[in-house]
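Undergrad: Have a look at this one before I ask anything.
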Amino acid sequence: MAPRAHLTNLYSKIKEEGGEQFSTVTIEATAPAEVKISYPAPTLCQVQVRAVLTMDPGPLYVQDGIIKGVTIASGEELVTFKIDLDEEVQARLTCTEGMPYRIGLSFSRRPLQDFYQGRVIVVDPGHGGSDTGQRGPVNLLERDMAWKTAGYLAGILEGLQARVVMTRSQDENPSWCERLAKVPADAFCFISLHEYGSRDTSIRGTAVLYNPASPGNKELAEAVLARIVARVKTPSRGTGPAAELAQLEQLPALRLEPVAITNWVDEGLLRNPYFHQKTALATVVAIKQYFRQRGQEHD
Ligand SMILES: [Zn+2]
């Protein structure tokens, strides 16, 4: 009789294959195991594996716009993984022989791509060149951090086939007018990246400012803020109008301030590339969810 498989590891990643993106969940096992997939609800994928659980049974928090998270329940014979989904997408199962044996589940990221494909998004990294912006207590500069988050944001959007327009290159510092002049007439939204700075170095946390001239932008900012703070666990500094964004008239526009760079804890967060990546992904997902929900209300 084949040895009973032990499940030793669980993780989630976004993968690309033939120009398409997939949200994946991988379960690692010590030996091949029987797998059964079912859908108790349209956005709930249940995976049952005949095996013994020998890893942390805690839930896995994903929130990548397709997979919300995975909870694990261990029974006598079966280990049950409940994969909570944001969208009605079905899993493709691939089992890979080897040590470890890998049970892979792929979910198409089409719903996100369908939303972003062909849309023009303007990404505006604040400051630049000789304008360094705010400075962290150790050494980080707002100019470079805005550029970094902008890079992740542009990369994620381009991966979803959006057309990204950057308002500056790495070393330029265009004026606000020059930045606005780069906004194409068919732009879908404008995202400015900054960090907050204050003489009061105890202030920390995330804020999202919005275009007061564009209807619904306060709600959009609230949705983006909620998603970022849930993902990176920063305190919220709330939302508010950004007067300069009103020059964009009806165009949805946000100014993200992921942290207060003048606080030493927040400055430390900026050293982690995952912080920038998670902030960018949370923004992309929240914008899509906000507009899709609003679109449904108007139908
Ligand atoms: Zn700034």
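By convention in this document, the chains of the structure tokens carry letters A, B, ... by their order, each chain's residues are numbered from 1, and ligands are numbered from 1 in the order they are shown.
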Using only C-alpha atoms and all ligand atoms, I'd like a table of the residues in chain A that come within 12 Å of ligand 1; for each, show the closest atom pair and its distance in Å rounded to one decimal, ordered by chain and ascending number, as CSV.
TA:
residue,atom,partner,partner_atom_place_in_ligand_line,distance
A:Asp124,CA,ligand 1,1 (Zn),10.8
A:Pro125,CA,ligand 1,1 (Zn),8.9
A:Gly126,CA,ligand 1,1 (Zn),5.5
A:His127,CA,ligand 1,1 (Zn),6.2
A:Gly128,CA,ligand 1,1 (Zn),9.8
A:Asp131,CA,ligand 1,1 (Zn),9.5
A:Thr132,CA,ligand 1,1 (Zn),8.6
A:Gly133,CA,ligand 1,1 (Zn),5.4
A:Gln134,CA,ligand 1,1 (Zn),6.7
A:Arg135,CA,ligand 1,1 (Zn),10.2
A:Leu141,CA,ligand 1,1 (Zn),10.0
A:Glu142,CA,ligand 1,1 (Zn),6.6
A:Arg143,CA,ligand 1,1 (Zn),7.5
A:Asp144,CA,ligand 1,1 (Zn),10.8
A:Met145,CA,ligand 1,1 (Zn),10.1
A:Ala146,CA,ligand 1,1 (Zn),8.2
A:Trp147,CA,ligand 1,1 (Zn),11.2
A:Asn173,CA,ligand 1,1 (Zn),11.9
A:Trp176,CA,ligand 1,1 (Zn),11.8
A:Ser192,CA,ligand 1,1 (Zn),9.2
A:Leu193,CA,ligand 1,1 (Zn),7.5
A:His194,CA,ligand 1,1 (Zn),4.4
A:Glu195,CA,ligand 1,1 (Zn),5.7
A:Tyr196,CA,ligand 1,1 (Zn),6.7
A:Gly197,CA,ligand 1,1 (Zn),8.0
A:Ser198,CA,ligand 1,1 (Zn),11.2
A:Ala242,CA,ligand 1,1 (Zn),11.9
A:Arg255,CA,ligand 1,1 (Zn),9.4
A:Leu256,CA,ligand 1,1 (Zn),9.6
A:Glu257,CA,ligand 1,1 (Zn),8.3
A:Pro258,CA,ligand 1,1 (Zn),11.2
A:Val259,CA,ligand 1,1 (Zn),11.2
A:Ala260,CA,ligand 1,1 (Zn),10.5
A:Ile261,CA,ligand 1,1 (Zn),10.2
A:Thr262,CA,ligand 1,1 (Zn),11.9
Undergrad: Which polymer residues have any atom within 10 Å of an atom of Lys233 of chain A, counting only C-alpha atoms, with same-chain residues fewer than 4 positions away left out, as a list in words?
TA: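 Near Lys233 of chain A, the qualifying residues are Gly205, Thr206, Arg227, Ile228 and Val229 of chain A.
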Undergrad: Quick one, how far is atom CA of Ser74 of chain A from atom CA of Arg231 of chain A?
TA: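 If I compute the distance from atom CA of Ser74 of chain A to atom CA of Arg231 of chain A, I get 26.8 Å.
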Undergrad: Can you tell me which residues surround Ala162 of chain A at a distance of at most 6 Å, considering only C-alpha atoms, apart from same-chain residues fewer than 6 positions away, and format the answer as a list in words?
TA: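 Returned residues: Tyr116, Gln117, Gly118 and Arg119 of chain A.
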Undergrad: Residues of the last selection are to be written out with N, CA and C atoms, as a PDB file, in the first residue's frame.
TA:
ATOM      1  N   TYR A 116      -9.557  45.747 -17.132  1.00  0.00           N
ATOM      2  CA  TYR A 116      -8.471  46.702 -17.394  1.00  0.00           C
ATOM      3  C   TYR A 116      -7.992  46.754 -18.838  1.00  0.00           C
ATOM      4  N   GLN A 117      -8.223  45.674 -19.577  1.00  0.00           N
ATOM      5  CA  GLN A 117      -7.709  45.582 -20.939  1.00  0.00           C
ATOM      6  C   GLN A 117      -8.057  46.817 -21.772  1.00  0.00           C
ATOM      7  N   GLY A 118      -7.049  47.478 -22.308  1.00  0.00           N
ATOM      8  CA  GLY A 118      -7.254  48.629 -23.185  1.00  0.00           C
ATOM      9  C   GLY A 118      -7.548  49.931 -22.470  1.00  0.00           C
ATOM     10  N   ARG A 119      -7.759  49.891 -21.156  1.00  0.00           N
ATOM     11  CA  ARG A 119      -8.037  51.146 -20.444  1.00  0.00           C
ATOM     12  C   ARG A 119      -6.730  51.930 -20.246  1.00  0.00           C
TER      13      ARG A 119
END
Undergrad: Counting only C-alpha atoms, give me one row per residue of segment 123-196 of chain A with an atom at most 12 Å from an atom of segment 5-25 of chain A, showing the shortest contact pair and its distance in Å to one decimal, sorted by chain then residue number, as a tab-separated table.
TA:
residue	atom	partner	partner_atom	distance
A:Ile156	CA	A:Gln21	CA	10.5
A:Leu157	CA	A:Gln21	CA	11.7
A:Glu158	CA	A:Gly19	CA	11.0
A:Gly159	CA	A:Gln21	CA	7.7
A:Leu160	CA	A:Gln21	CA	7.8
A:Gln161	CA	A:Gly19	CA	9.4
Undergrad: Give the answer as one residue: which of A:Ala282, A:Cys95, A:Ala31, A:Val79 has the shortest atom-to-atom distance to Val52 of chain A, using only C-alpha atoms?
TA: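 Of A:Ala282, A:Cys95, A:Ala31, A:Val79, the one nearest Val52 of chain A is A:Val79, counting only C-alpha atoms.
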Undergrad: In Å to one decimal, how far is atom CA of Glu249 of chain A from atom CA of Asp114 of chain A?
TA: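 One can read the atom CA of Asp114 of chain A to atom CA of Glu249 of chain A distance as 26.4 Å.
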Undergrad: Output as a list of chain:residue names all residues of segment 69-114 of chain A that backbone DSSP marks as strand (DSSP E).
TA: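 Residues of segment 69-114 of chain A classed as strand (DSSP E): A:Gly69, A:Val70, A:Thr71, A:Ile72, A:Ala73, A:Ser74, A:Leu78, A:Val79, A:Thr80, A:Phe81, A:Lys82, A:Ile83, A:Asp84, A:Leu85, A:Ala91, A:Arg92, A:Leu93, A:Thr94, A:Cys95, A:Thr96, A:Tyr101, A:Arg102, A:Ile103, A:Gly104, A:Leu105, A:Ser106, A:Phe107, A:Ser108.
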Undergrad: Give me, please, the distance in Å between atom CA of Ile37 of chain A and atom CA of Val70 of chain A, quoted to one decimal.
TA: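 Taking atom CA of Ile37 of chain A as the start and atom CA of Val70 of chain A as the end point, the length is 14.0 Å.
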Undergrad: Tell me which of A:Arg292, A:Arg109, A:Arg4, A:Arg102 sits closest to Glu77 of chain A, counting only C-alpha atoms.
TA: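 Smallest separation from Glu77 of chain A among the options: A:Arg4.
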Undergrad: May I ask which of the residues A:Tyr61, A:Tyr274, A:Tyr39, A:Phe115 is the closest one to Ala286 of chain A, counting only C-alpha atoms?
TA: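 So, comparing all the options, the nearest one is A:Phe115.
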Undergrad: Out of A:Gly216, A:Gly268, A:Pro174, A:Pro100, which residue has the shortest atom-to-atom distance to Gly129 of chain A when counting only C-alpha atoms?
TA: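 For Gly129 of chain A, the nearest of the given residues is A:Pro174.
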Undergrad: Write out as a ChimeraX atom specification each polymer residue whose atoms come within 9 Å of Ala33 of chain A, counting only C-alpha atoms; drop sequence neighbours fewer than 3 positions from it.
TA: /A:4-6,29-30,49-51,101,103
Undergrad: Name the residues of segment 149-208 of chain A that fall into helix (DSSP H, G or I) according to DSSP on the backbone, using the chain letters and numbers of this document, as a PyMOL selection string.
TA: chain A and resi 149-159+176-181
Undergrad: Could the residues in this selection be written to a file with all heavy atoms, as a CSV table (one decimal), in the first residue's frame?
TA:
chain,number,residue,atom,x,y,z
A,149,THR,N,6.7,52.5,-5.9
A,149,THR,CA,5.3,52.0,-5.9
A,149,THR,C,4.7,52.2,-7.3
A,149,THR,O,4.0,51.3,-7.8
A,149,THR,CB,4.5,52.8,-4.9
A,149,THR,OG1,5.2,52.8,-3.6
A,149,THR,CG2,3.1,52.1,-4.6
A,150,ALA,N,5.1,53.3,-8.0
A,150,ALA,CA,4.6,53.5,-9.3
A,150,ALA,C,5.0,52.4,-10.3
A,150,ALA,O,4.2,52.0,-11.1
A,150,ALA,CB,5.1,54.9,-9.8
A,151,GLY,N,6.2,51.9,-10.1
A,151,GLY,CA,6.7,50.8,-10.9
A,151,GLY,C,5.9,49.6,-10.8
A,151,GLY,O,5.6,48.9,-11.8
A,152,TYR,N,5.6,49.2,-9.5
A,152,TYR,CA,4.8,48.0,-9.3
A,152,TYR,C,3.4,48.2,-9.9
A,152,TYR,O,2.8,47.3,-10.5
A,152,TYR,CB,4.7,47.7,-7.8
A,152,TYR,CG,5.9,47.0,-7.3
A,152,TYR,CD1,6.8,47.7,-6.5
A,152,TYR,CD2,6.2,45.7,-7.6
A,152,TYR,CE1,8.0,47.0,-6.0
A,152,TYR,CE2,7.3,45.0,-7.1
A,152,TYR,CZ,8.2,45.7,-6.4
A,152,TYR,OH,9.3,45.1,-5.9
A,153,LEU,N,2.8,49.4,-9.7
A,153,LEU,CA,1.5,49.7,-10.2
A,153,LEU,C,1.4,49.6,-11.7
A,153,LEU,O,0.6,48.9,-12.2
A,153,LEU,CB,1.1,51.1,-9.7
A,153,LEU,CG,-0.3,51.6,-9.8
A,153,LEU,CD1,-1.2,50.6,-9.1
A,153,LEU,CD2,-0.5,53.0,-9.3
A,154,ALA,N,2.4,50.2,-12.3
A,154,ALA,CA,2.5,50.1,-13.8
A,154,ALA,C,2.6,48.6,-14.3
A,154,ALA,O,2.0,48.2,-15.2
A,154,ALA,CB,3.6,51.0,-14.3
A,155,GLY,N,3.5,47.9,-13.6
A,155,GLY,CA,3.7,46.5,-14.0
A,155,GLY,C,2.5,45.7,-13.8
A,155,GLY,O,2.1,44.9,-14.7
A,156,ILE,N,1.7,45.8,-12.7
A,156,ILE,CA,0.5,45.0,-12.5
A,156,ILE,C,-0.5,45.4,-13.6
A,156,ILE,O,-1.1,44.6,-14.2
A,156,ILE,CB,-0.1,45.3,-11.1
A,156,ILE,CG1,0.9,44.7,-10.1
A,156,ILE,CG2,-1.5,44.7,-11.0
A,156,ILE,CD1,0.6,45.1,-8.6
A,157,LEU,N,-0.7,46.7,-13.9
A,157,LEU,CA,-1.7,47.2,-14.8
A,157,LEU,C,-1.3,46.7,-16.2
A,157,LEU,O,-2.2,46.2,-17.0
A,157,LEU,CB,-1.8,48.7,-14.8
A,157,LEU,CG,-2.5,49.3,-13.5
A,157,LEU,CD1,-2.2,50.8,-13.4
A,157,LEU,CD2,-4.0,48.9,-13.6
A,158,GLU,N,0.0,46.8,-16.6
A,158,GLU,CA,0.4,46.3,-17.9
A,158,GLU,C,0.2,44.8,-18.1
A,158,GLU,O,-0.2,44.3,-19.1
A,158,GLU,CB,1.8,46.7,-18.2
A,158,GLU,CG,1.9,48.2,-18.7
A,158,GLU,CD,3.3,48.8,-18.6
A,158,GLU,OE1,4.2,48.1,-18.1
A,158,GLU,OE2,3.4,49.9,-19.1
A,159,GLY,N,0.4,44.1,-17.0
A,159,GLY,CA,0.2,42.6,-17.0
A,159,GLY,C,-1.3,42.3,-17.2
A,159,GLY,O,-1.6,41.3,-17.8
A,176,TRP,N,3.5,70.5,-12.3
A,176,TRP,CA,2.2,69.9,-12.2
A,176,TRP,C,1.5,70.1,-13.6
A,176,TRP,O,0.8,69.2,-14.1
A,176,TRP,CB,1.4,70.5,-11.0
A,176,TRP,CG,0.0,70.0,-10.9
A,176,TRP,CD1,-1.1,70.7,-10.9
A,176,TRP,CD2,-0.4,68.6,-10.6
A,176,TRP,NE1,-2.2,69.8,-10.7
A,176,TRP,CE2,-1.8,68.6,-10.5
A,176,TRP,CE3,0.4,67.4,-10.4
A,176,TRP,CZ2,-2.5,67.4,-10.2
A,176,TRP,CZ3,-0.3,66.3,-10.1
A,176,TRP,CH2,-1.7,66.3,-10.1
A,177,CYS,N,1.7,71.3,-14.2
A,177,CYS,CA,1.1,71.6,-15.5
A,177,CYS,C,1.6,70.6,-16.5
A,177,CYS,O,0.8,70.1,-17.3
A,177,CYS,CB,1.4,73.0,-15.9
A,177,CYS,SG,0.3,74.1,-15.2
A,178,GLU,N,2.9,70.3,-16.5
A,178,GLU,CA,3.5,69.4,-17.5
A,178,GLU,C,2.9,68.0,-17.3
A,178,GLU,O,2.7,67.2,-18.2
A,178,GLU,CB,5.0,69.4,-17.4
A,178,GLU,CG,5.6,70.7,-17.9
A,178,GLU,CD,7.1,70.9,-17.5
A,178,GLU,OE1,7.5,70.4,-16.4
A,178,GLU,OE2,7.8,71.5,-18.3
A,179,ARG,N,2.7,67.6,-16.0
A,179,ARG,CA,2.1,66.3,-15.7
A,179,ARG,C,0.7,66.2,-16.3
A,179,ARG,O,0.3,65.2,-16.9
A,179,ARG,CB,2.2,66.1,-14.2
A,179,ARG,CG,3.6,65.8,-13.7
A,179,ARG,CD,3.6,65.8,-12.1
A,179,ARG,NE,4.9,66.0,-11.6
A,179,ARG,CZ,5.6,65.0,-11.0
A,179,ARG,NH1,5.1,63.8,-10.9
A,179,ARG,NH2,6.9,65.2,-10.6
A,180,LEU,N,-0.1,67.3,-16.0
A,180,LEU,CA,-1.5,67.3,-16.5
A,180,LEU,C,-1.5,67.2,-18.0
A,180,LEU,O,-2.4,66.6,-18.6
A,180,LEU,CB,-2.2,68.5,-16.0
A,180,LEU,CG,-2.4,68.6,-14.5
A,180,LEU,CD1,-3.2,69.8,-14.1
A,180,LEU,CD2,-3.1,67.3,-13.9
A,181,ALA,N,-0.6,67.8,-18.7
A,181,ALA,CA,-0.5,67.8,-20.1
A,181,ALA,C,-0.3,66.5,-20.7
A,181,ALA,O,-0.6,66.2,-21.9
A,181,ALA,CB,0.5,68.8,-20.6
Undergrad: At a cut-off of 10 Å, using only C-alpha atoms, what residues contact Trp264 of chain A? Leave out same-chain residues fewer than 2 positions from it and give the result as a list in words.
TA: Gly136, Pro137, Val138, Thr201, Ser202, Ile203, Arg204, Ala260, Ile261, Thr262, Asp266, Glu267, Gly268 and Leu269 of chain A
Undergrad: List the spatial neighbours of segment 186-188 of chain A as an NGL selection string - criterion: any atom at most 10 Å away, only C-alpha atoms, same-chain residues fewer than 3 positions off excluded.
TA: :A and (116 or 118-122 or 163-165 or 183 or 251-253)
